[in-house]
>>> print(open('structure-v2.txt').read())   # compact mmCIF, C-alpha atoms
# COMPACT_ATOMS: atom_id res chain seq x y z
CA MET A 1 -132.60 34.70 -125.86
CA ARG A 2 -134.73 37.83 -126.29
CA VAL A 3 -136.88 38.82 -123.33
CA LEU A 4 -139.71 41.31 -122.82
CA LEU A 5 -140.15 42.63 -119.25
CA VAL A 6 -143.45 44.26 -118.23
CA ASP A 7 -143.94 45.82 -114.78
CA ASP A 8 -145.49 49.13 -113.77
CA GLU A 9 -142.60 49.79 -111.36
CA GLU A 10 -140.13 51.50 -113.68
CA GLU A 11 -137.18 51.34 -111.28
CA LEU A 12 -137.73 47.61 -110.86
CA VAL A 13 -138.02 46.83 -114.54
CA THR A 14 -135.04 48.97 -115.58
CA THR A 15 -132.76 47.52 -112.90
CA LEU A 16 -133.82 43.97 -113.72
CA ALA A 17 -133.22 44.68 -117.42
CA GLU A 18 -129.72 45.97 -116.59
CA ARG A 19 -128.93 42.82 -114.58
CA LEU A 20 -130.16 40.53 -117.34
CA SER A 21 -128.14 42.49 -119.92
CA LEU A 22 -125.00 42.01 -117.81
CA ARG A 23 -125.66 38.27 -118.16
CA GLY A 24 -125.83 38.50 -121.94
CA ILE A 25 -129.61 38.41 -122.27
CA ASP A 26 -131.22 40.70 -124.84
CA VAL A 27 -133.96 42.62 -122.98
CA ASP A 28 -136.62 45.20 -123.77
CA TRP A 29 -138.87 46.60 -121.06
CA THR A 30 -142.06 48.58 -120.68
CA THR A 31 -144.28 49.69 -117.80
CA ASP A 32 -147.70 49.08 -119.35
CA GLY A 33 -149.76 46.79 -121.53
CA GLU A 34 -149.99 49.16 -124.47
CA GLY A 35 -146.20 49.44 -124.57
CA ALA A 36 -145.86 45.64 -124.42
CA LEU A 37 -148.21 45.19 -127.37
CA ARG A 38 -146.33 47.86 -129.37
CA LEU A 39 -142.97 46.16 -128.72
CA ALA A 40 -144.36 42.71 -129.55
CA ARG A 41 -145.60 43.97 -132.92
CA ARG A 42 -142.08 45.23 -133.75
CA ASN A 43 -139.87 42.49 -132.29
CA LEU A 44 -139.81 38.76 -131.79
CA TYR A 45 -139.45 37.70 -128.16
CA ASP A 46 -138.77 34.25 -126.82
CA VAL A 47 -140.04 34.98 -123.30
CA ALA A 48 -142.22 37.65 -121.69
CA VAL A 49 -141.97 38.26 -117.94
CA LEU A 50 -145.23 39.87 -116.84
CA ASP A 51 -146.39 41.38 -113.57
CA VAL A 52 -149.83 39.94 -112.80
CA LYS A 53 -151.18 43.41 -111.96
CA ILE A 54 -150.34 46.26 -114.29
CA PRO A 55 -152.38 49.40 -114.96
CA ARG A 56 -155.54 49.11 -117.03
CA ILE A 57 -155.03 45.46 -118.02
CA SER A 58 -154.34 42.28 -116.08
CA GLY A 59 -151.19 40.28 -116.78
CA LEU A 60 -153.36 37.32 -117.76
CA LYS A 61 -155.30 39.38 -120.30
CA LEU A 62 -152.06 40.86 -121.63
CA LYS A 63 -150.69 37.34 -122.05
CA SER A 64 -153.57 36.36 -124.32
CA GLU A 65 -153.15 39.56 -126.38
CA LEU A 66 -149.39 39.01 -126.75
CA ALA A 67 -149.94 35.36 -127.68
CA LYS A 68 -152.17 36.47 -130.56
CA ILE A 69 -149.31 38.62 -131.91
CA CYS A 70 -146.56 36.12 -131.21
CA PRO A 71 -147.94 32.56 -130.70
CA ALA A 72 -144.49 31.10 -129.97
CA MET A 73 -143.79 33.46 -127.06
CA LYS A 74 -143.51 31.87 -123.61
CA PHE A 75 -144.60 33.52 -120.37
CA ILE A 76 -143.46 33.87 -116.79
CA PHE A 77 -145.64 35.73 -114.30
CA VAL A 78 -144.38 37.60 -111.26
CA THR A 79 -146.54 39.09 -108.56
CA GLY A 80 -146.35 41.05 -105.34
CA HIS A 81 -149.55 39.34 -104.22
CA GLY A 82 -149.33 36.01 -102.52
CA SER A 83 -153.03 35.29 -102.22
CA GLU A 84 -154.43 31.84 -102.95
CA ASP A 85 -156.78 33.22 -105.60
CA ASP A 86 -153.96 34.96 -107.44
CA PHE A 87 -151.81 31.87 -107.20
CA ARG A 88 -154.56 29.62 -108.57
CA ALA A 89 -155.28 31.99 -111.47
CA GLY A 90 -151.61 32.49 -112.23
CA THR A 91 -150.62 28.84 -112.09
CA ALA A 92 -153.63 27.81 -114.15
CA GLU A 93 -152.45 30.14 -116.90
CA ALA A 94 -148.69 29.90 -116.60
CA GLY A 95 -148.01 26.57 -114.92
CA ALA A 96 -147.00 26.27 -111.28
CA GLY A 97 -143.29 26.64 -111.96
CA TYR A 98 -143.68 29.80 -114.02
CA TYR A 99 -145.45 31.90 -111.48
CA LEU A 100 -142.97 33.67 -109.21
CA VAL A 101 -143.57 35.78 -106.11
CA LYS A 102 -141.62 39.04 -105.67
CA PRO A 103 -138.87 39.60 -104.79
CA VAL A 104 -137.54 37.14 -107.33
CA GLY A 105 -133.91 35.97 -107.29
CA ILE A 106 -132.20 36.67 -110.63
CA ASP A 107 -130.81 33.13 -110.86
CA VAL A 108 -134.26 31.65 -110.28
CA LEU A 109 -135.72 33.90 -112.96
CA ILE A 110 -133.05 32.98 -115.52
CA GLN A 111 -133.46 29.29 -114.70
CA LYS A 112 -137.22 29.59 -115.32
CA MET A 113 -136.55 31.36 -118.63
CA HIS A 114 -134.37 28.47 -119.77
CA GLU A 115 -137.00 25.98 -118.59
CA VAL A 116 -139.79 27.62 -120.60
CA LEU A 117 -137.51 27.81 -123.62
CA ARG A 118 -136.63 24.13 -123.33
CA GLY A 119 -140.36 23.44 -123.26
CA LYS A 120 -140.71 25.53 -126.39
CA GLU A 121 -138.00 23.56 -128.20
CA GLU A 122 -139.61 20.26 -127.21
CA GLU A 123 -143.02 21.29 -128.59
CA MET B 1 -179.47 48.06 -84.78
CA SER B 2 -177.53 44.85 -83.90
CA GLN B 3 -178.14 43.66 -87.46
CA ASP B 4 -176.59 46.95 -88.63
CA TRP B 5 -173.50 46.36 -86.50
CA HIS B 6 -173.19 42.78 -87.74
CA ALA B 7 -173.31 43.87 -91.38
CA LEU B 8 -171.05 46.79 -90.57
CA GLY B 9 -168.49 44.49 -88.93
CA GLU B 10 -168.35 42.17 -91.95
CA ALA B 11 -168.04 45.05 -94.41
CA GLY B 12 -165.43 46.71 -92.18
CA LEU B 13 -163.31 43.56 -92.11
CA ARG B 14 -163.50 43.28 -95.90
CA PHE B 15 -162.39 46.90 -96.19
CA PHE B 16 -159.56 46.35 -93.70
CA GLY B 17 -158.43 43.27 -95.63
CA LYS B 18 -158.54 45.03 -98.96
CA MET B 19 -156.48 47.95 -97.69
CA THR B 20 -153.86 45.80 -95.97
CA ALA B 21 -153.51 43.60 -99.07
CA SER B 22 -152.90 46.69 -101.17
CA ILE B 23 -150.41 48.06 -98.63
CA SER B 24 -148.52 44.75 -98.51
CA HIS B 25 -148.33 44.76 -102.31
CA GLU B 26 -146.79 48.24 -102.21
CA ILE B 27 -144.22 47.13 -99.64
CA LYS B 28 -143.40 44.09 -101.79
CA ASN B 29 -142.76 46.37 -104.76
CA ALA B 30 -140.40 48.58 -102.74
CA LEU B 31 -138.59 45.47 -101.44
CA SER B 32 -138.31 44.10 -104.98
CA ILE B 33 -136.62 47.28 -106.20
CA ILE B 34 -134.24 47.20 -103.22
CA ASN B 35 -133.55 43.54 -104.00
CA GLU B 36 -132.72 44.25 -107.67
CA SER B 37 -130.67 47.38 -106.92
CA ALA B 38 -128.63 45.60 -104.25
CA GLY B 39 -128.23 42.67 -106.64
CA LEU B 40 -126.98 44.98 -109.37
CA LEU B 41 -124.44 46.52 -106.99
CA GLU B 42 -123.24 43.00 -106.21
CA ASP B 43 -123.06 42.20 -109.96
CA LEU B 44 -120.95 45.29 -110.57
CA THR B 45 -118.66 44.40 -107.67
CA VAL B 46 -118.14 40.89 -109.07
CA LEU B 47 -117.32 42.40 -112.48
CA ALA B 48 -114.90 44.85 -110.83
CA GLU B 49 -113.16 41.93 -109.16
CA LYS B 50 -112.68 40.48 -112.64
CA GLY B 51 -111.05 43.70 -113.81
CA MET B 52 -113.95 45.77 -115.17
CA ALA B 53 -113.70 49.47 -114.32
CA LEU B 54 -116.34 50.60 -111.80
CA ASP B 55 -118.21 53.77 -112.66
CA PRO B 56 -118.75 55.63 -109.35
CA MET B 57 -121.79 57.46 -110.76
CA ARG B 58 -123.45 54.14 -111.57
CA ILE B 59 -122.85 52.94 -108.02
CA LYS B 60 -124.13 56.22 -106.62
CA SER B 61 -127.25 56.07 -108.79
CA HIS B 62 -128.18 52.58 -107.57
CA ALA B 63 -127.39 53.38 -103.94
CA GLY B 64 -129.74 56.38 -104.39
CA LYS B 65 -132.46 54.06 -105.73
CA ILE B 66 -132.15 51.94 -102.60
CA MET B 67 -132.39 54.98 -100.32
CA LYS B 68 -135.44 56.21 -102.24
CA GLN B 69 -137.23 52.89 -101.88
CA ILE B 70 -136.41 52.66 -98.17
CA LYS B 71 -137.98 56.10 -97.75
CA ARG B 72 -140.98 54.97 -99.80
CA ALA B 73 -141.41 51.79 -97.75
CA ASP B 74 -141.09 53.79 -94.54
CA GLY B 75 -143.90 56.09 -95.72
CA ILE B 76 -146.08 53.08 -96.59
CA VAL B 77 -145.48 51.50 -93.18
CA LYS B 78 -146.28 54.79 -91.43
CA GLY B 79 -149.55 54.91 -93.38
CA MET B 80 -150.30 51.31 -92.45
CA ASN B 81 -149.61 52.10 -88.82
CA ARG B 82 -151.95 55.08 -88.91
CA PHE B 83 -154.61 52.96 -90.59
CA ALA B 84 -154.21 50.17 -88.00
CA HIS B 85 -154.54 52.65 -85.13
CA SER B 86 -157.69 54.21 -86.60
CA VAL B 87 -159.69 51.49 -84.79
CA ASP B 88 -158.31 52.58 -81.39
CA GLU B 89 -160.88 55.27 -80.65
CA ARG B 90 -164.63 55.02 -81.08
CA GLU B 91 -164.95 58.75 -81.64
CA LYS B 92 -162.61 61.65 -82.20
CA SER B 93 -162.40 64.99 -83.99
CA VAL B 94 -161.08 64.52 -87.50
CA ASP B 95 -159.93 67.04 -90.08
CA LEU B 96 -161.93 65.94 -93.11
CA TYR B 97 -159.36 67.11 -95.67
CA ASP B 98 -156.59 65.28 -93.85
CA MET B 99 -158.66 62.10 -93.75
CA ALA B 100 -159.73 62.35 -97.40
CA GLU B 101 -156.10 62.88 -98.41
CA PHE B 102 -155.09 59.85 -96.35
CA ILE B 103 -157.66 57.64 -98.09
CA VAL B 104 -156.50 58.97 -101.47
CA VAL B 105 -152.92 57.97 -100.60
CA LEU B 106 -154.07 54.52 -99.41
CA SER B 107 -156.06 54.11 -102.62
CA SER B 108 -153.33 55.28 -104.97
CA ARG B 109 -152.50 51.78 -106.18
CA HIS B 110 -156.16 50.94 -106.84
CA ALA B 111 -156.43 54.21 -108.77
CA SER B 112 -153.25 53.54 -110.71
CA MET B 113 -154.49 50.06 -111.69
CA LYS B 114 -157.69 51.63 -112.96
CA GLY B 115 -155.71 54.36 -114.77
CA ILE B 116 -157.33 57.12 -112.71
CA GLY B 117 -155.67 60.25 -111.35
CA LEU B 118 -156.73 61.41 -107.86
CA ALA B 119 -156.41 64.87 -106.32
CA THR B 120 -157.70 66.38 -103.08
CA LEU B 121 -158.34 70.11 -102.86
CA ARG B 122 -157.57 71.75 -99.53
CA PRO B 123 -160.54 73.83 -98.28
CA ASP B 124 -160.04 77.49 -97.35
CA ARG B 125 -160.81 76.70 -93.73
CA PRO B 126 -160.43 73.39 -91.87
CA VAL B 127 -163.58 71.25 -91.89
CA THR B 128 -163.90 69.07 -88.81
CA VAL B 129 -166.18 66.15 -88.05
CA ARG B 130 -166.44 64.16 -84.85
CA MET B 131 -166.97 60.44 -85.39
CA ASN B 132 -165.42 57.00 -85.49
CA PRO B 133 -162.25 57.41 -87.60
CA PHE B 134 -162.26 53.88 -88.99
CA LEU B 135 -165.89 54.10 -90.08
CA LEU B 136 -165.16 57.45 -91.72
CA GLU B 137 -162.22 55.92 -93.61
CA HIS B 138 -164.49 53.11 -94.72
CA ALA B 139 -167.21 55.50 -95.89
CA LEU B 140 -164.70 57.59 -97.85
CA TRP B 141 -163.33 54.42 -99.47
CA VAL B 142 -166.83 53.19 -100.44
CA CYS B 143 -167.49 56.52 -102.15
CA LEU B 144 -164.07 56.74 -103.75
CA ASP B 145 -164.27 53.18 -105.08
CA PHE B 146 -167.68 53.89 -106.59
CA ALA B 147 -166.46 57.22 -108.02
CA MET B 148 -163.37 55.57 -109.56
CA ASP B 149 -165.55 53.00 -111.32
CA ARG B 150 -167.79 55.75 -112.63
CA ALA B 151 -164.95 58.06 -113.69
CA GLY B 152 -163.61 55.58 -116.24
CA LYS B 153 -160.07 54.77 -117.35
CA GLY B 154 -157.68 57.64 -117.95
CA GLN B 155 -159.88 60.16 -116.13
CA ASN B 156 -159.17 62.38 -113.13
CA LEU B 157 -161.20 62.48 -109.94
CA ARG B 158 -161.10 65.50 -107.65
CA LEU B 159 -162.15 65.47 -104.00
CA GLU B 160 -163.34 68.80 -102.61
CA ILE B 161 -164.18 69.45 -98.97
CA ASP B 162 -166.66 72.04 -97.76
CA GLU B 163 -169.37 72.58 -95.17
CA ASP B 164 -172.52 74.50 -94.41
CA GLU B 165 -174.08 75.17 -91.01
CA LYS B 166 -175.02 71.57 -90.36
CA ARG B 167 -173.19 69.28 -92.70
CA ALA B 168 -169.62 68.62 -93.73
CA MET B 169 -169.24 67.44 -97.30
CA VAL B 170 -166.80 65.59 -99.51
CA ARG B 171 -167.53 66.15 -103.21
CA PHE B 172 -166.20 63.54 -105.64
CA LYS B 173 -166.00 65.33 -108.99
CA GLY B 174 -165.35 63.85 -112.40
CA LEU B 175 -168.00 61.12 -112.66
CA ARG B 176 -169.39 60.33 -116.08
CA ALA B 177 -173.06 59.61 -116.78
CA PHE B 178 -174.35 56.30 -115.48
CA GLU B 179 -174.87 53.60 -118.06
CA ARG B 180 -177.76 52.17 -116.07
CA PRO B 181 -179.99 54.40 -113.98
CA GLU B 182 -180.22 51.81 -111.20
CA GLU B 183 -176.48 52.03 -110.53
CA ALA B 184 -176.01 53.29 -106.99
CA PRO B 185 -173.08 53.50 -104.58
CA LEU B 186 -174.70 51.71 -101.67
CA SER B 187 -175.40 48.29 -103.08
CA GLY B 188 -174.48 46.26 -99.99
CA GLU B 189 -176.16 45.88 -96.61
CA GLY B 190 -172.87 46.67 -94.85
CA GLU B 191 -172.42 49.91 -96.78
CA ARG B 192 -175.97 51.00 -96.00
CA ALA B 193 -175.41 50.21 -92.31
CA LEU B 194 -172.19 52.21 -92.43
CA MET B 195 -173.92 55.31 -93.73
CA ASN B 196 -176.70 54.83 -91.20
CA VAL B 197 -174.32 54.63 -88.22
CA LEU B 198 -172.34 57.67 -89.41
CA GLU B 199 -175.57 59.59 -90.11
CA ALA B 200 -174.15 60.12 -93.57
CA ASP B 201 -175.98 60.79 -96.82
CA ILE B 202 -174.88 60.26 -100.37
CA GLU B 203 -176.25 62.27 -103.26
CA VAL B 204 -175.29 61.70 -106.87
CA SER B 205 -175.77 64.38 -109.50
CA GLU B 206 -175.31 63.16 -113.05
CA GLU B 207 -175.68 66.70 -114.41
CA ARG B 208 -172.77 68.00 -112.33
CA GLY B 209 -170.84 64.73 -112.65
CA GLU B 210 -170.38 64.54 -108.91
CA MET B 211 -171.23 62.52 -105.85
CA VAL B 212 -171.51 64.18 -102.44
CA LEU B 213 -170.90 62.42 -99.15
CA SER B 214 -172.39 64.56 -96.40
CA LEU B 215 -171.70 64.03 -92.72
CA PRO B 216 -172.79 65.75 -89.50
CA SER B 217 -170.36 68.59 -88.87
CA VAL B 218 -169.14 69.43 -85.37
CA HIS B 219 -171.50 72.44 -85.46
CA SER B 220 -174.61 70.35 -85.97
CA ARG B 221 -176.81 68.76 -83.36
CA PRO B 222 -177.55 65.04 -83.57
CA ARG B 223 -180.38 64.28 -85.94
CA ASN B 224 -183.63 62.73 -84.70
CA ARG B 225 -183.56 59.17 -85.89
>>> encode(input="structure-v2.txt", output="structure tokens")
Amino acid sequence: MRVLLVDDEEELVTTLAERLSLRGIDVDWTTDGEGALRLARRNLYDVAVLDVKIPRISGLKLKSELAKICPAMKFIFVTGHGSEDDFRAGTAEAGAGYYLVKPVGIDVLIQKMHEVLRGKEEE
Amino acid sequence: MSQDWHALGEAGLRFFGKMTASISHEIKNALSIINESAGLLEDLTVLAEKGMALDPMRIKSHAGKIMKQIKRADGIVKGMNRFAHSVDEREKSVDLYDMAEFIVVLSSRHASMKGIGLATLRPDRPVTVRMNPFLLEHALWVCLDFAMDRAGKGQNLRLEIDEDEKRAMVRFKGLRAFERPEEAPLSGEGERALMNVLEADIEVSEERGEMVLSLPSVHSRPRNR
């Protein structure tokens, strides 16, 4: 499984990447939308884990841009916000199970990655 | 006047909500980093139990990350506490630079999301105003929010404080030309009521790329209204 992590908190994204790597998952990370688009043009990712709010572009907008580059890529959103509006927007785009509120447990995140990938295989 | 206070109350609550939502988001981010760093330390311990050599520098680095985030969260909570207590007094003497800097810190996430850099220049001499601290915070936010929208992505905004005999001023520098001439910072009834109650004026100069919030200084007498 190859995963792209996008979050503007560098310490968060690097530590999460390290933990996923320890579990045998191939991970690239970036702190902004431009970086995510650059990486997606160079590599094929199975899953992207996106913060809903990143500088200069929303996670939802970034999702649609990434999907244009890599239509098979699946998405999981994470957010620090727990507002109803955010939740509605996030779940509408990602599906209720693929919208996680920070802090996210690593086992829950990995389980969700496998779930979205199973969905991908079934398509 | 009661209509002013009604509109002011609604706008003030919206401002309070917006700020506390942003603050809670910042705390969540700090907690998330602590969560991942502590989790990584646990991962490394589990691997060590299985025979993998532990690198003390790696442990030290992640323990340092946790300490850094605890310090960050503590700073955020102190800011939140100061913000919450700003409604305690109806009127007090306020150092305008200190208050502008505080609002810049509170707005740092909004600015970061918009890709805007913020800086506050300390004046040569302290500039003091005497007014309701919460309303002043709100007025500074209204101006800063407008200025951030008009600065554009990737730009820098500079706040400068100065005063003349009667008025204390906060200059928001770095605005670009308006796309539509009717664009103005005080679009809402609540914002207009806010400026009215504070006896504040806003002047926008496209030529100089700045907006000036002027307030009665402690040296001035109350204006005839």
>>> closest_atom_pairs(input="structure-v2.txt", of="chain B", to="chain A", cutoff="12 Å", atoms="all atoms listed in the file", output="Markdown table")
| residue | atom | partner | partner_atom | distance |
| --- | --- | --- | --- | --- |
| B:Gly17 | CA | A:Ser83 | CA | 11.7 |
| B:Lys18 | CA | A:Ser83 | CA | 11.7 |
| B:Thr20 | CA | A:His81 | CA | 11.3 |
| B:Ala21 | CA | A:His81 | CA | 7.8 |
| B:Ser22 | CA | A:His81 | CA | 8.6 |
| B:Ile23 | CA | A:His81 | CA | 10.4 |
| B:Ser24 | CA | A:His81 | CA | 7.9 |
| B:His25 | CA | A:Gly80 | CA | 5.2 |
| B:Glu26 | CA | A:Gly80 | CA | 7.9 |
| B:Ile27 | CA | A:Gly80 | CA | 8.6 |
| B:Lys28 | CA | A:Gly80 | CA | 5.5 |
| B:Asn29 | CA | A:Gly80 | CA | 6.4 |
| B:Ala30 | CA | A:Leu12 | CA | 8.6 |
| B:Leu31 | CA | A:Pro103 | CA | 6.8 |
| B:Ser32 | CA | A:Pro103 | CA | 4.5 |
| B:Ile33 | CA | A:Leu12 | CA | 4.8 |
| B:Ile34 | CA | A:Leu12 | CA | 8.4 |
| B:Asn35 | CA | A:Pro103 | CA | 6.7 |
| B:Glu36 | CA | A:Leu16 | CA | 6.2 |
| B:Ser37 | CA | A:Thr15 | CA | 6.3 |
| B:Ala38 | CA | A:Thr15 | CA | 9.8 |
| B:Gly39 | CA | A:Arg19 | CA | 8.0 |
| B:Leu40 | CA | A:Arg19 | CA | 6.0 |
| B:Leu41 | CA | A:Arg19 | CA | 9.6 |
| B:Glu42 | CA | A:Arg19 | CA | 10.1 |
| B:Asp43 | CA | A:Arg19 | CA | 7.5 |
| B:Leu44 | CA | A:Leu22 | CA | 8.9 |
| B:Val46 | CA | A:Leu22 | CA | 11.2 |
| B:Leu47 | CA | A:Leu22 | CA | 9.4 |
| B:Met52 | CA | A:Leu22 | CA | 12.0 |
| B:Arg58 | CA | A:Glu18 | CA | 11.5 |
| B:Ser61 | CA | A:Thr15 | CA | 11.0 |
| B:His62 | CA | A:Thr15 | CA | 8.7 |
| B:Ala63 | CA | A:Thr15 | CA | 12.0 |
| B:Gly64 | CA | A:Glu11 | CA | 11.3 |
| B:Lys65 | CA | A:Glu11 | CA | 7.8 |
| B:Ile66 | CA | A:Glu11 | CA | 10.1 |
| B:Lys68 | CA | A:Glu11 | CA | 10.4 |
| B:Gln69 | CA | A:Glu11 | CA | 9.5 |
| B:Ser108 | CA | A:Pro55 | CA | 11.6 |
| B:Arg109 | CA | A:Pro55 | CA | 9.1 |
| B:His110 | CA | A:Pro55 | CA | 9.1 |
| B:Ala111 | CA | A:Pro55 | CA | 8.8 |
| B:Ser112 | CA | A:Pro55 | CA | 6.0 |
| B:Met113 | CA | A:Pro55 | CA | 3.9 |
| B:Lys114 | CA | A:Arg56 | CA | 5.2 |
| B:Gly115 | CA | A:Arg56 | CA | 5.7 |
| B:Ile116 | CA | A:Arg56 | CA | 9.3 |
| B:Gly117 | CA | A:Pro55 | CA | 11.9 |
| B:Gly152 | CA | A:Arg56 | CA | 10.4 |
| B:Lys153 | CA | A:Arg56 | CA | 7.3 |
| B:Gly154 | CA | A:Arg56 | CA | 8.8 |
| B:Gln155 | CA | A:Arg56 | CA | 11.9 |
>>> residues_near_point(input="structure-v2.txt", point="(-176.2, 60.9, -97.8)", cutoff="12 Å", atoms="all atoms listed in the file", output="PDB file with C-alpha atoms, in the frame of the given file")
ATOM      1  CA  ALA B 139    -167.210  55.500 -95.890  1.00  0.00           C
ATOM      2  CA  LEU B 140    -164.700  57.590 -97.850  1.00  0.00           C
ATOM      3  CA  CYS B 143    -167.490  56.520-102.150  1.00  0.00           C
ATOM      4  CA  ARG B 167    -173.190  69.280 -92.700  1.00  0.00           C
ATOM      5  CA  ALA B 168    -169.620  68.620 -93.730  1.00  0.00           C
ATOM      6  CA  MET B 169    -169.240  67.440 -97.300  1.00  0.00           C
ATOM      7  CA  VAL B 170    -166.800  65.590 -99.510  1.00  0.00           C
ATOM      8  CA  ARG B 171    -167.530  66.150-103.210  1.00  0.00           C
ATOM      9  CA  ALA B 184    -176.010  53.290-106.990  1.00  0.00           C
ATOM     10  CA  PRO B 185    -173.080  53.500-104.580  1.00  0.00           C
ATOM     11  CA  LEU B 186    -174.700  51.710-101.670  1.00  0.00           C
ATOM     12  CA  GLU B 191    -172.420  49.910 -96.780  1.00  0.00           C
ATOM     13  CA  ARG B 192    -175.970  51.000 -96.000  1.00  0.00           C
ATOM     14  CA  LEU B 194    -172.190  52.210 -92.430  1.00  0.00           C
ATOM     15  CA  MET B 195    -173.920  55.310 -93.730  1.00  0.00           C
ATOM     16  CA  ASN B 196    -176.700  54.830 -91.200  1.00  0.00           C
ATOM     17  CA  VAL B 197    -174.320  54.630 -88.220  1.00  0.00           C
ATOM     18  CA  LEU B 198    -172.340  57.670 -89.410  1.00  0.00           C
ATOM     19  CA  GLU B 199    -175.570  59.590 -90.110  1.00  0.00           C
ATOM     20  CA  ALA B 200    -174.150  60.120 -93.570  1.00  0.00           C
ATOM     21  CA  ASP B 201    -175.980  60.790 -96.820  1.00  0.00           C
ATOM     22  CA  ILE B 202    -174.880  60.260-100.370  1.00  0.00           C
ATOM     23  CA  GLU B 203    -176.250  62.270-103.260  1.00  0.00           C
ATOM     24  CA  VAL B 204    -175.290  61.700-106.870  1.00  0.00           C
ATOM     25  CA  MET B 211    -171.230  62.520-105.850  1.00  0.00           C
ATOM     26  CA  VAL B 212    -171.510  64.180-102.440  1.00  0.00           C
ATOM     27  CA  LEU B 213    -170.900  62.420 -99.150  1.00  0.00           C
ATOM     28  CA  SER B 214    -172.390  64.560 -96.400  1.00  0.00           C
ATOM     29  CA  LEU B 215    -171.700  64.030 -92.720  1.00  0.00           C
ATOM     30  CA  PRO B 216    -172.790  65.750 -89.500  1.00  0.00           C
TER      31      PRO B 216
END
>>> atom_distance(input="structure-v2.txt", atom1="CA of Val52 (chain A)", atom2="CA of Met80 (chain B)")
23.3 Å
>>> residues_around(input="structure-v2.txt", residues="Ala40 (chain A)", least_positions_apart="5", cutoff="10 Å", atoms="only C-alpha atoms", output="ChimeraX atom specification")
/A:4,28,34-35,45,48,65-67,69-70,73
>>> write_last_selection(input="structure-v2.txt", atoms="C-alpha atoms", output="short mmCIF file (atom, residue, chain, number, x, y, z; two decimals), in the frame of the given file")
data_model
loop_
_atom_site.label_atom_id
_atom_site.label_comp_id
_atom_site.auth_asym_id
_atom_site.auth_seq_id
_atom_site.Cartn_x
_atom_site.Cartn_y
_atom_site.Cartn_z
CA LEU A 4 -139.71 41.31 -122.82
CA ASP A 28 -136.62 45.20 -123.77
CA GLU A 34 -149.99 49.16 -124.47
CA GLY A 35 -146.20 49.44 -124.57
CA TYR A 45 -139.45 37.70 -128.16
CA ALA A 48 -142.22 37.65 -121.69
CA GLU A 65 -153.15 39.56 -126.38
CA LEU A 66 -149.39 39.01 -126.75
CA ALA A 67 -149.94 35.36 -127.68
CA ILE A 69 -149.31 38.62 -131.91
CA CYS A 70 -146.56 36.12 -131.21
CA MET A 73 -143.79 33.46 -127.06
#
>>> atom_distance(input="structure-v2.txt", atom1="CA of Leu39 (chain A)", atom2="CA of Ile25 (chain A)")
16.7 Å
>>> residues_near_point(input="structure-v2.txt", point="(-138.1, 28.1, -117.8)", cutoff="12 Å", atoms="all atoms listed in the file", output="ChimeraX atom specification")
/A:1,46-49,74-77,94-100,107-121
>>> atom_distance(input="structure-v2.txt", atom1="CA of Met131 (chain B)", atom2="CA of Ser86 (chain B)")
11.2 Å
>>> closest_residue(input="structure-v2.txt", among="B:Met99, B:Glu160, B:Asp124, B:Ala84", to="Leu13 (chain B)", atoms="all atoms listed in the file")
B:Ala84
>>> closest_residue(input="structure-v2.txt", among="B:Gly190, B:Asp55, B:Leu175, B:Ser217", to="Val127 (chain B)", atoms="only C-alpha atoms")
B:Ser217
>>> closest_residue(input="structure-v2.txt", among="A:Gly24, A:Lys68, A:Ala36, A:Arg2", to="Leu50 (chain A)", atoms="all atoms listed in the file")
A:Ala36
>>> decode(input="structure-v2.txt", residues="region 63-72 of chain B", atoms="N, CA and C atoms", output="JSON list (two decimals), in the first residue's frame")
[["chain", "number", "residue", "atom", "x", "y", "z"],
["B", 63, "ALA", "N", 10.78, 12.85, 22.53],
["B", 63, "ALA", "CA", 10.40, 13.42, 23.84],
["B", 63, "ALA", "C", 10.45, 14.95, 23.74],
["B", 64, "GLY", "N", 11.44, 15.47, 23.00],
["B", 64, "GLY", "CA", 11.56, 16.92, 22.79],
["B", 64, "GLY", "C", 10.36, 17.48, 22.04],
["B", 65, "LYS", "N", 9.88, 16.70, 21.05],
["B", 65, "LYS", "CA", 8.68, 17.13, 20.29],
["B", 65, "LYS", "C", 7.48, 17.26, 21.22],
["B", 66, "ILE", "N", 7.36, 16.30, 22.14],
["B", 66, "ILE", "CA", 6.23, 16.34, 23.08],
["B", 66, "ILE", "C", 6.33, 17.57, 23.97],
["B", 67, "MET", "N", 7.53, 17.82, 24.48],
["B", 67, "MET", "CA", 7.73, 19.00, 25.36],
["B", 67, "MET", "C", 7.39, 20.29, 24.60],
["B", 68, "LYS", "N", 7.83, 20.35, 23.34],
["B", 68, "LYS", "CA", 7.59, 21.54, 22.52],
["B", 68, "LYS", "C", 6.09, 21.78, 22.33],
["B", 69, "GLN", "N", 5.36, 20.71, 22.08],
["B", 69, "GLN", "CA", 3.92, 20.85, 21.85],
["B", 69, "GLN", "C", 3.16, 21.18, 23.13],
["B", 70, "ILE", "N", 3.67, 20.68, 24.26],
["B", 70, "ILE", "CA", 3.03, 21.03, 25.54],
["B", 70, "ILE", "C", 3.22, 22.53, 25.79],
["B", 71, "LYS", "N", 4.41, 23.02, 25.48],
["B", 71, "LYS", "CA", 4.69, 24.46, 25.63],
["B", 71, "LYS", "C", 3.79, 25.28, 24.68],
["B", 72, "ARG", "N", 3.66, 24.76, 23.46],
["B", 72, "ARG", "CA", 2.79, 25.44, 22.47],
["B", 72, "ARG", "C", 1.34, 25.48, 22.97]]
